[in-house]
Every structure is written in C-alpha cells, then in structure tokens.
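K.L.:
File my_file.cif follows (mmCIF, N, CA and C atoms and all ligand atoms):
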data_target
loop_
_atom_site.label_atom_id
_atom_site.label_comp_id
_atom_site.auth_asym_id
_atom_site.auth_seq_id
_atom_site.Cartn_x
_atom_site.Cartn_y
_atom_site.Cartn_z
N MET A 967 11.68 12.75 -0.20
CA MET A 967 11.35 13.52 -1.39
C MET A 967 10.04 13.00 -2.00
N GLN A 968 9.21 13.93 -2.45
CA GLN A 968 7.97 13.53 -3.11
C GLN A 968 7.95 14.12 -4.52
N LEU A 969 7.11 13.57 -5.37
CA LEU A 969 6.97 14.07 -6.74
C LEU A 969 5.65 14.83 -6.86
N ASP A 970 5.67 15.94 -7.61
CA ASP A 970 4.47 16.76 -7.77
C ASP A 970 3.33 16.00 -8.42
N ASP A 971 3.67 15.18 -9.43
CA ASP A 971 2.60 14.60 -10.26
C ASP A 971 2.39 13.11 -10.01
N CYS A 972 2.91 12.60 -8.89
CA CYS A 972 2.68 11.18 -8.56
C CYS A 972 1.39 11.06 -7.76
N ILE A 973 0.52 10.17 -8.19
CA ILE A 973 -0.80 10.06 -7.58
C ILE A 973 -0.71 9.66 -6.10
N PHE A 974 0.22 8.76 -5.76
CA PHE A 974 0.32 8.34 -4.36
C PHE A 974 1.05 9.40 -3.52
N CYS A 975 1.97 10.17 -4.12
CA CYS A 975 2.53 11.32 -3.39
C CYS A 975 1.42 12.33 -3.10
N LYS A 976 0.51 12.52 -4.04
CA LYS A 976 -0.61 13.44 -3.83
C LYS A 976 -1.52 12.94 -2.71
N ILE A 977 -1.76 11.64 -2.68
CA ILE A 977 -2.56 11.06 -1.59
C ILE A 977 -1.83 11.27 -0.26
N ALA A 978 -0.50 11.05 -0.26
CA ALA A 978 0.29 11.21 0.97
C ALA A 978 0.22 12.65 1.46
N ARG A 979 0.15 13.61 0.54
CA ARG A 979 0.08 15.03 0.91
C ARG A 979 -1.35 15.48 1.24
N GLY A 980 -2.32 14.60 1.01
CA GLY A 980 -3.71 14.96 1.27
C GLY A 980 -4.35 15.74 0.14
N GLU A 981 -3.67 15.82 -1.01
CA GLU A 981 -4.23 16.58 -2.15
C GLU A 981 -5.30 15.77 -2.89
N ILE A 982 -5.20 14.46 -2.78
CA ILE A 982 -6.25 13.57 -3.28
C ILE A 982 -6.78 12.84 -2.06
N PRO A 983 -8.11 12.86 -1.85
CA PRO A 983 -8.65 12.21 -0.66
C PRO A 983 -8.49 10.69 -0.71
N SER A 984 -8.37 10.08 0.45
CA SER A 984 -8.30 8.62 0.52
C SER A 984 -8.99 8.17 1.79
N SER A 985 -9.37 6.91 1.81
CA SER A 985 -9.98 6.32 3.00
C SER A 985 -8.84 5.73 3.83
N LYS A 986 -8.39 6.50 4.81
CA LYS A 986 -7.18 6.13 5.55
C LYS A 986 -7.41 5.00 6.53
N VAL A 987 -6.42 4.13 6.60
CA VAL A 987 -6.41 3.02 7.55
C VAL A 987 -5.41 3.32 8.67
N TYR A 988 -4.33 4.01 8.30
CA TYR A 988 -3.25 4.29 9.25
C TYR A 988 -2.37 5.40 8.67
N GLU A 989 -1.81 6.21 9.56
CA GLU A 989 -0.86 7.23 9.10
C GLU A 989 0.13 7.54 10.21
N ASP A 990 1.40 7.67 9.85
CA ASP A 990 2.39 8.26 10.76
C ASP A 990 3.31 9.13 9.91
N ASP A 991 4.44 9.56 10.44
CA ASP A 991 5.30 10.49 9.70
C ASP A 991 5.88 9.89 8.43
N ASP A 992 6.02 8.57 8.42
CA ASP A 992 6.73 7.91 7.31
C ASP A 992 5.83 7.14 6.36
N VAL A 993 4.69 6.70 6.86
CA VAL A 993 3.90 5.67 6.18
C VAL A 993 2.42 6.07 6.17
N LEU A 994 1.75 5.71 5.08
CA LEU A 994 0.29 5.89 5.00
C LEU A 994 -0.32 4.59 4.51
N ALA A 995 -1.45 4.21 5.08
CA ALA A 995 -2.21 3.06 4.58
C ALA A 995 -3.62 3.55 4.28
N PHE A 996 -4.14 3.14 3.12
CA PHE A 996 -5.48 3.58 2.71
C PHE A 996 -6.13 2.48 1.87
N ARG A 997 -7.47 2.52 1.84
CA ARG A 997 -8.22 1.46 1.14
C ARG A 997 -8.08 1.64 -0.37
N ASP A 998 -7.94 0.51 -1.05
CA ASP A 998 -7.80 0.51 -2.51
C ASP A 998 -9.11 0.98 -3.14
N ILE A 999 -9.00 1.83 -4.15
CA ILE A 999 -10.18 2.39 -4.82
C ILE A 999 -10.93 1.32 -5.61
N ASN A 1000 -10.23 0.24 -5.94
CA ASN A 1000 -10.81 -0.82 -6.78
C ASN A 1000 -10.57 -2.17 -6.09
N PRO A 1001 -11.27 -2.40 -4.96
CA PRO A 1001 -10.92 -3.56 -4.12
C PRO A 1001 -11.15 -4.90 -4.82
N LYS A 1002 -10.19 -5.80 -4.61
CA LYS A 1002 -10.27 -7.15 -5.19
C LYS A 1002 -10.66 -8.18 -4.14
N ALA A 1003 -10.95 -7.74 -2.94
CA ALA A 1003 -11.32 -8.63 -1.84
C ALA A 1003 -12.09 -7.77 -0.83
N PRO A 1004 -12.84 -8.40 0.09
CA PRO A 1004 -13.60 -7.63 1.08
C PRO A 1004 -12.72 -6.65 1.86
N VAL A 1005 -11.50 -7.05 2.16
CA VAL A 1005 -10.50 -6.13 2.73
C VAL A 1005 -9.42 -5.94 1.68
N HIS A 1006 -9.15 -4.72 1.31
CA HIS A 1006 -8.07 -4.46 0.34
C HIS A 1006 -7.55 -3.05 0.59
N PHE A 1007 -6.39 -2.98 1.20
CA PHE A 1007 -5.79 -1.67 1.41
C PHE A 1007 -4.32 -1.70 0.98
N LEU A 1008 -3.76 -0.51 0.85
CA LEU A 1008 -2.39 -0.34 0.38
C LEU A 1008 -1.57 0.35 1.46
N ILE A 1009 -0.34 -0.05 1.60
CA ILE A 1009 0.60 0.62 2.52
C ILE A 1009 1.69 1.24 1.66
N ILE A 1010 1.88 2.55 1.82
CA ILE A 1010 2.90 3.25 1.02
C ILE A 1010 3.86 4.01 1.93
N PRO A 1011 5.10 4.20 1.46
CA PRO A 1011 5.98 5.17 2.14
C PRO A 1011 5.55 6.57 1.70
N LYS A 1012 5.63 7.54 2.59
CA LYS A 1012 5.27 8.91 2.19
C LYS A 1012 6.31 9.48 1.22
N GLN A 1013 7.55 9.08 1.38
CA GLN A 1013 8.56 9.53 0.42
C GLN A 1013 8.41 8.73 -0.86
N HIS A 1014 8.78 9.34 -1.97
CA HIS A 1014 8.60 8.67 -3.25
C HIS A 1014 9.70 7.65 -3.47
N ILE A 1015 9.31 6.38 -3.51
CA ILE A 1015 10.18 5.29 -3.95
C ILE A 1015 9.41 4.64 -5.09
N GLU A 1016 10.03 4.52 -6.24
CA GLU A 1016 9.26 4.12 -7.42
C GLU A 1016 8.70 2.70 -7.31
N SER A 1017 9.51 1.79 -6.81
CA SER A 1017 9.06 0.40 -6.75
C SER A 1017 10.00 -0.37 -5.84
N LEU A 1018 9.69 -1.63 -5.63
CA LEU A 1018 10.59 -2.47 -4.83
C LEU A 1018 11.97 -2.56 -5.49
N ALA A 1019 11.98 -2.45 -6.82
CA ALA A 1019 13.25 -2.53 -7.55
C ALA A 1019 14.14 -1.32 -7.27
N ALA A 1020 13.56 -0.23 -6.77
CA ALA A 1020 14.33 0.99 -6.51
C ALA A 1020 14.76 1.11 -5.05
N VAL A 1021 14.41 0.12 -4.24
CA VAL A 1021 14.73 0.17 -2.81
C VAL A 1021 16.24 0.01 -2.61
N ARG A 1022 16.81 0.85 -1.74
CA ARG A 1022 18.25 0.82 -1.44
C ARG A 1022 18.46 0.27 -0.02
N PRO A 1023 19.67 -0.15 0.31
CA PRO A 1023 19.92 -0.69 1.64
C PRO A 1023 19.48 0.27 2.75
N GLU A 1024 19.63 1.57 2.53
CA GLU A 1024 19.26 2.54 3.57
C GLU A 1024 17.75 2.67 3.76
N ASP A 1025 16.96 2.03 2.89
CA ASP A 1025 15.50 2.04 3.04
C ASP A 1025 15.02 0.87 3.89
N ALA A 1026 15.95 0.06 4.39
CA ALA A 1026 15.55 -1.19 5.06
C ALA A 1026 14.65 -0.93 6.28
N ALA A 1027 14.95 0.10 7.06
CA ALA A 1027 14.14 0.36 8.26
C ALA A 1027 12.72 0.76 7.86
N LEU A 1028 12.60 1.57 6.82
CA LEU A 1028 11.27 1.99 6.34
C LEU A 1028 10.48 0.79 5.82
N LEU A 1029 11.15 -0.07 5.05
CA LEU A 1029 10.48 -1.27 4.55
C LEU A 1029 10.07 -2.18 5.70
N GLY A 1030 10.95 -2.28 6.68
CA GLY A 1030 10.64 -3.10 7.86
C GLY A 1030 9.43 -2.56 8.59
N LYS A 1031 9.35 -1.25 8.69
CA LYS A 1031 8.20 -0.64 9.35
C LYS A 1031 6.91 -0.96 8.58
N MET A 1032 6.97 -0.84 7.26
CA MET A 1032 5.78 -1.11 6.44
C MET A 1032 5.32 -2.56 6.62
N ILE A 1033 6.25 -3.49 6.53
CA ILE A 1033 5.90 -4.91 6.68
C ILE A 1033 5.40 -5.18 8.10
N GLY A 1034 6.07 -4.54 9.06
CA GLY A 1034 5.69 -4.76 10.46
C GLY A 1034 4.30 -4.27 10.79
N LEU A 1035 3.78 -3.33 10.02
CA LEU A 1035 2.43 -2.82 10.25
C LEU A 1035 1.35 -3.75 9.71
N VAL A 1036 1.74 -4.64 8.79
CA VAL A 1036 0.73 -5.45 8.08
C VAL A 1036 -0.18 -6.23 9.04
N PRO A 1037 0.37 -7.02 9.98
CA PRO A 1037 -0.54 -7.83 10.81
C PRO A 1037 -1.51 -7.00 11.64
N GLN A 1038 -0.99 -5.90 12.21
CA GLN A 1038 -1.84 -5.03 13.04
C GLN A 1038 -2.97 -4.42 12.21
N LEU A 1039 -2.63 -3.90 11.04
CA LEU A 1039 -3.63 -3.23 10.22
C LEU A 1039 -4.60 -4.24 9.61
N ALA A 1040 -4.09 -5.42 9.24
CA ALA A 1040 -4.96 -6.46 8.69
C ALA A 1040 -6.00 -6.88 9.74
N ARG A 1041 -5.55 -7.06 10.96
CA ARG A 1041 -6.48 -7.40 12.05
C ARG A 1041 -7.51 -6.30 12.23
N GLN A 1042 -7.01 -5.07 12.29
CA GLN A 1042 -7.88 -3.90 12.49
C GLN A 1042 -8.95 -3.80 11.39
N GLU A 1043 -8.60 -4.21 10.17
CA GLU A 1043 -9.53 -4.12 9.05
C GLU A 1043 -10.44 -5.34 8.96
N GLY A 1044 -10.23 -6.33 9.84
CA GLY A 1044 -11.15 -7.46 9.91
C GLY A 1044 -10.65 -8.75 9.32
N CYS A 1045 -9.37 -8.86 9.06
CA CYS A 1045 -8.82 -10.13 8.57
C CYS A 1045 -8.60 -11.05 9.76
N VAL A 1046 -9.51 -12.01 9.96
CA VAL A 1046 -9.37 -12.89 11.12
C VAL A 1046 -8.79 -14.24 10.73
N ASN A 1047 -8.80 -14.56 9.45
CA ASN A 1047 -8.30 -15.87 9.01
C ASN A 1047 -7.17 -15.76 8.01
N GLY A 1048 -6.35 -14.73 8.18
CA GLY A 1048 -5.22 -14.58 7.28
C GLY A 1048 -5.45 -13.50 6.23
N PHE A 1049 -4.46 -13.32 5.42
CA PHE A 1049 -4.49 -12.26 4.40
C PHE A 1049 -3.43 -12.57 3.37
N ARG A 1050 -3.52 -11.85 2.25
CA ARG A 1050 -2.52 -11.97 1.19
C ARG A 1050 -1.81 -10.63 1.04
N THR A 1051 -0.50 -10.68 0.88
CA THR A 1051 0.26 -9.46 0.62
C THR A 1051 0.89 -9.57 -0.77
N VAL A 1052 0.82 -8.47 -1.52
CA VAL A 1052 1.32 -8.45 -2.89
C VAL A 1052 2.08 -7.16 -3.12
N ILE A 1053 3.25 -7.25 -3.73
CA ILE A 1053 3.98 -6.05 -4.16
C ILE A 1053 4.28 -6.22 -5.65
N ASN A 1054 3.46 -5.59 -6.49
CA ASN A 1054 3.72 -5.62 -7.93
C ASN A 1054 4.89 -4.69 -8.23
N THR A 1055 5.80 -5.14 -9.06
CA THR A 1055 7.02 -4.38 -9.28
C THR A 1055 7.34 -4.26 -10.78
N GLY A 1056 7.27 -3.02 -11.26
CA GLY A 1056 7.66 -2.76 -12.64
C GLY A 1056 6.64 -3.25 -13.65
N ARG A 1057 6.93 -2.97 -14.91
CA ARG A 1057 5.96 -3.28 -15.98
C ARG A 1057 5.67 -4.77 -16.04
N ASP A 1058 6.70 -5.58 -16.01
CA ASP A 1058 6.48 -7.02 -16.11
C ASP A 1058 5.89 -7.60 -14.82
N GLY A 1059 5.95 -6.82 -13.74
CA GLY A 1059 5.36 -7.24 -12.47
C GLY A 1059 3.94 -6.73 -12.29
N GLY A 1060 3.40 -6.08 -13.32
CA GLY A 1060 2.00 -5.64 -13.26
C GLY A 1060 1.79 -4.39 -12.42
N GLN A 1061 2.84 -3.62 -12.17
CA GLN A 1061 2.69 -2.41 -11.35
C GLN A 1061 2.10 -1.29 -12.20
N GLU A 1062 0.96 -0.75 -11.73
CA GLU A 1062 0.30 0.33 -12.48
C GLU A 1062 0.67 1.70 -11.93
N VAL A 1063 0.80 1.81 -10.64
CA VAL A 1063 1.14 3.09 -10.02
C VAL A 1063 2.62 3.05 -9.60
N PRO A 1064 3.45 3.90 -10.21
CA PRO A 1064 4.89 3.82 -9.94
C PRO A 1064 5.31 4.52 -8.65
N HIS A 1065 4.73 4.08 -7.56
CA HIS A 1065 5.11 4.50 -6.20
C HIS A 1065 4.92 3.24 -5.36
N LEU A 1066 6.00 2.80 -4.73
CA LEU A 1066 5.99 1.54 -3.98
C LEU A 1066 4.75 1.39 -3.11
N HIS A 1067 4.10 0.23 -3.17
CA HIS A 1067 2.94 -0.03 -2.31
C HIS A 1067 2.81 -1.52 -2.06
N ILE A 1068 2.39 -1.83 -0.84
CA ILE A 1068 2.08 -3.21 -0.47
C ILE A 1068 0.57 -3.35 -0.49
N HIS A 1069 0.05 -4.29 -1.29
CA HIS A 1069 -1.37 -4.62 -1.23
C HIS A 1069 -1.59 -5.58 -0.06
N VAL A 1070 -2.62 -5.34 0.72
CA VAL A 1070 -3.05 -6.31 1.74
C VAL A 1070 -4.50 -6.66 1.43
N LEU A 1071 -4.73 -7.95 1.16
CA LEU A 1071 -6.07 -8.43 0.77
C LEU A 1071 -6.52 -9.50 1.74
N GLY A 1072 -7.80 -9.45 2.09
CA GLY A 1072 -8.31 -10.48 2.99
C GLY A 1072 -9.80 -10.35 3.19
N GLY A 1073 -10.25 -10.92 4.27
CA GLY A 1073 -11.68 -10.94 4.55
C GLY A 1073 -12.28 -12.24 4.08
N PRO A 1074 -13.55 -12.46 4.42
CA PRO A 1074 -14.20 -13.71 4.07
C PRO A 1074 -14.20 -13.94 2.56
N GLN A 1075 -13.88 -15.16 2.13
CA GLN A 1075 -13.86 -15.51 0.71
C GLN A 1075 -14.79 -16.71 0.52
N PRO A 1076 -16.12 -16.44 0.48
CA PRO A 1076 -17.10 -17.52 0.52
C PRO A 1076 -16.93 -18.52 -0.62
N TRP A 1077 -16.45 -18.06 -1.80
CA TRP A 1077 -16.30 -18.95 -2.94
C TRP A 1077 -15.23 -20.01 -2.71
N LYS A 1078 -14.45 -19.87 -1.65
CA LYS A 1078 -13.38 -20.84 -1.37
C LYS A 1078 -13.83 -21.91 -0.40
N HIS A 1079 -15.07 -21.82 0.12
CA HIS A 1079 -15.50 -22.77 1.16
C HIS A 1079 -16.55 -23.73 0.61
P1 LIG A 1101 -0.65 -1.83 -8.82
O1 LIG A 1101 -1.24 -2.52 -10.01
O2 LIG A 1101 0.06 -2.80 -7.89
O3 LIG A 1101 0.18 -0.63 -9.20
O4 LIG A 1101 -1.90 -1.32 -7.99
C1 LIG A 1101 -2.31 0.00 -7.92
C2 LIG A 1101 -3.56 0.03 -7.08
O5 LIG A 1101 -3.82 1.37 -6.72
C3 LIG A 1101 -4.83 -0.48 -7.79
O6 LIG A 1101 -5.32 -1.63 -7.10
C4 LIG A 1101 -5.82 0.67 -7.69
C5 LIG A 1101 -5.20 1.58 -6.67
N1 LIG A 1101 -5.40 2.99 -6.93
C6 LIG A 1101 -5.05 3.65 -8.06
N2 LIG A 1101 -5.38 4.95 -7.95
C7 LIG A 1101 -5.94 5.10 -6.71
C8 LIG A 1101 -6.47 6.23 -6.00
O7 LIG A 1101 -6.49 7.38 -6.49
N3 LIG A 1101 -6.96 6.01 -4.76
C9 LIG A 1101 -6.92 4.77 -4.19
N4 LIG A 1101 -7.45 4.64 -2.96
N5 LIG A 1101 -6.43 3.68 -4.82
C10 LIG A 1101 -5.94 3.86 -6.07
#
Kindly present the structure from the file in structure tokens form.
P.N.:
Amino acid sequence: MQLDDCIFCKIARGEIPSSKVYEDDDVLAFRDINPKAPVHFLIIPKQHIESLAAVRPEDAALLGKMIGLVPQLARQEGCVNGFRTVINTGRDGGQEVPHLHIHVLGGPQPWKH
C-alpha cells in the first residue's frame, strides 16, 4: 500500500524525480537530495511503512532484502573503506520523512585523516 501524499511514495511511483541507485519490485534506492557525505543514498521499501517502529514480523523478509542490498550498493557507489548506515525513527529519533528509509553514507572523509 502507498500513500497519495507521502513524498517517498511519490518518489517510488516516479511522480517526483530521483537519482536512482537501484530499483526492483519491492525496493528503491536513490541519492539523498541533501548529502551529508560524498556518498549518501537512501534505501526505501516501495510500500508505505512509516518507520522502523511500525515494522511487523511479516516485514522481516523485506527488511532483510533492504539490509542485504547495502554492501552491494555501497560498493557500487564508491564506498571502498566502509560506510555508515542510519535509520532515524520517529520524532525523538530525528526522522523527518515518515516513510522508512536506511541512510547509507560513505566515501572519502579527508577531515578524518
Ligand atoms: P530523515 O531525517 O532520516 O527523515 O531523512 C530524510 C532524508 O530525506 C534527508 O536526508 C533529505 C532526504 N530527502 C527529503 N526529501 C527528498 C527528496 O524529495 N528527494 C531526495 N532525493 N531526498 C529527499
């Protein structure tokens, strides 16, 4: 199920353009509009799940698929020395877009060397 007025549901439907990293029937990955690192993309389920707090046991395979895509997509996007994954959840978790998403951040971080 998708929501008419959810920004990430709109991206999943192609109604709002995005810079796609990966897509299949269940999952979409696209680059973050406001990147916090040289590599910064988001992985979302195409179906509307509000947040990690709303995940049910029957969503386990979908969540597993999303997590399982992280290393492949991170490599593909140029993360050669690791990456950071973040799932902000709910108001106190700093979640701004109420559609579940995994942030993947990486790339060279010269200020750390
Ligand atoms: P969060 O705070 O975890 O809910 O992060 C939401 C992220 O979504 C934030 O880093 C910016 C990104 N974002 C919001 N709107 C859009 C959009 O329309 N397109 C893309 N590509 N990213 C978006």
K.L.:
Taking only chain A into account, list the residues labelled strand (DSSP E or B) by DSSP (computed from the backbone), as number ranges by chain.
P.N.:
A: 986-989, 993-997, 1005-1011, 1049-1052, 1068-1072
K.L.:
Please identify every polymer residue within 8 Å of ligand LIG 1101 (chain A), using only C-alpha atoms and all ligand atoms, and present the set as a VMD selection string.
P.N.:
chain A and resid 973 to 974 977 982 to 985 996 to 1002 1007 to 1008 1052 to 1055 1060 to 1065 1067 to 1069
K.L.:
Could you please determine the separation between CA of Gln1013 (chain A) and atom C of Gly1030 (chain A) in Å, to one decimal place?
P.N.:
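So the two atoms, CA of Gln1013 (chain A) and atom C of Gly1030 (chain A), lie 14.6 Å apart.
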K.L.:
Mind the document's chain letters and residue numbers, and return as a ChimeraX atom specification the residues of chain A that DSSP labels alpha helix (DSSP H).
P.N.:
/A:973-979,1026-1042
K.L.:
Would you list the residues near (-6.2, -6.6, 4.4) (no more than 5 Å away, in the coordinates of the file, using only N, CA and C atoms) as a ChimeraX atom specification?
P.N.:
/A:1005-1007,1040,1070-1072
K.L.:
Skipping near chain neighbours, those fewer than 3 positions away, what residues fall within 6.5 Å of Gln968 (chain A) using all atoms listed in the file, listed as a list in words?
P.N.:
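Answer for this query is Cys975, Lys1012, Gln1013 and His1014 of chain A.
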K.L.:
Go through A:Met967, A:Val987, A:Ala978, A:Val993 one by one, measure the shortest atom-to-atom distance of each to Ile1033 (chain A) using only C-alpha atoms, and give the residue with the smallest value.
P.N.:
A:Val993
K.L.:
CA of Ala1019 (chain A) to CA of Arg979 (chain A): how many Å, to one decimal?
P.N.:
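Separating CA of Ala1019 (chain A) from CA of Arg979 (chain A) is a distance of 23.5 Å.
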K.L.:
If you measure from CA of Gly1059 (chain A) to CA of Leu969 (chain A), what distance in Å do you get, rounded to one decimal?
P.N.:
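Between CA of Gly1059 (chain A) and CA of Leu969 (chain A) the gap works out to 22.1 Å.
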K.L.:
Around the point (7.1, 2.3, 6.7) in the file's coordinates, collect all residues with an atom within 8 Å, using all atoms listed in the file, and return them as a list in words.
P.N.:
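The requested residues, written out, are Asp991, Asp992, Val993, Leu994, Ile1009, Ile1010, Pro1011, Lys1012, Ala1027, Leu1028, Leu1029, Gly1030, Lys1031, Met1032, Ile1033, Gly1034 and Leu1035 of chain A.
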K.L.:
Export, as an mmCIF file, in the frame of the given file, the selected residues with N, CA and C atoms.
P.N.:
data_model
loop_
_atom_site.group_PDB
_atom_site.id
_atom_site.type_symbol
_atom_site.label_atom_id
_atom_site.label_comp_id
_atom_site.auth_asym_id
_atom_site.auth_seq_id
_atom_site.Cartn_x
_atom_site.Cartn_y
_atom_site.Cartn_z
ATOM 1 N N ASP A 991 4.440 9.560 10.440
ATOM 2 C CA ASP A 991 5.300 10.490 9.700
ATOM 3 C C ASP A 991 5.880 9.890 8.430
ATOM 4 N N ASP A 992 6.020 8.570 8.420
ATOM 5 C CA ASP A 992 6.730 7.910 7.310
ATOM 6 C C ASP A 992 5.830 7.140 6.360
ATOM 7 N N VAL A 993 4.690 6.700 6.860
ATOM 8 C CA VAL A 993 3.900 5.670 6.180
ATOM 9 C C VAL A 993 2.420 6.070 6.170
ATOM 10 N N LEU A 994 1.750 5.710 5.080
ATOM 11 C CA LEU A 994 0.290 5.890 5.000
ATOM 12 C C LEU A 994 -0.320 4.590 4.510
ATOM 13 N N ILE A 1009 -0.340 -0.050 1.600
ATOM 14 C CA ILE A 1009 0.600 0.620 2.520
ATOM 15 C C ILE A 1009 1.690 1.240 1.660
ATOM 16 N N ILE A 1010 1.880 2.550 1.820
ATOM 17 C CA ILE A 1010 2.900 3.250 1.020
ATOM 18 C C ILE A 1010 3.860 4.010 1.930
ATOM 19 N N PRO A 1011 5.100 4.200 1.460
ATOM 20 C CA PRO A 1011 5.980 5.170 2.140
ATOM 21 C C PRO A 1011 5.550 6.570 1.700
ATOM 22 N N LYS A 1012 5.630 7.540 2.590
ATOM 23 C CA LYS A 1012 5.270 8.910 2.190
ATOM 24 C C LYS A 1012 6.310 9.480 1.220
ATOM 25 N N ALA A 1027 14.950 0.100 7.060
ATOM 26 C CA ALA A 1027 14.140 0.360 8.260
ATOM 27 C C ALA A 1027 12.720 0.760 7.860
ATOM 28 N N LEU A 1028 12.600 1.570 6.820
ATOM 29 C CA LEU A 1028 11.270 1.990 6.340
ATOM 30 C C LEU A 1028 10.480 0.790 5.820
ATOM 31 N N LEU A 1029 11.150 -0.070 5.050
ATOM 32 C CA LEU A 1029 10.480 -1.270 4.550
ATOM 33 C C LEU A 1029 10.070 -2.180 5.700
ATOM 34 N N GLY A 1030 10.950 -2.280 6.680
ATOM 35 C CA GLY A 1030 10.640 -3.100 7.860
ATOM 36 C C GLY A 1030 9.430 -2.560 8.590
ATOM 37 N N LYS A 1031 9.350 -1.250 8.690
ATOM 38 C CA LYS A 1031 8.200 -0.640 9.350
ATOM 39 C C LYS A 1031 6.910 -0.960 8.580
ATOM 40 N N MET A 1032 6.970 -0.840 7.260
ATOM 41 C CA MET A 1032 5.780 -1.110 6.440
ATOM 42 C C MET A 1032 5.320 -2.560 6.620
ATOM 43 N N ILE A 1033 6.250 -3.490 6.530
ATOM 44 C CA ILE A 1033 5.900 -4.910 6.680
ATOM 45 C C ILE A 1033 5.400 -5.180 8.100
ATOM 46 N N GLY A 1034 6.070 -4.540 9.060
ATOM 47 C CA GLY A 1034 5.690 -4.760 10.460
ATOM 48 C C GLY A 1034 4.300 -4.270 10.790
ATOM 49 N N LEU A 1035 3.780 -3.330 10.020
ATOM 50 C CA LEU A 1035 2.430 -2.820 10.250
ATOM 51 C C LEU A 1035 1.350 -3.750 9.710
#
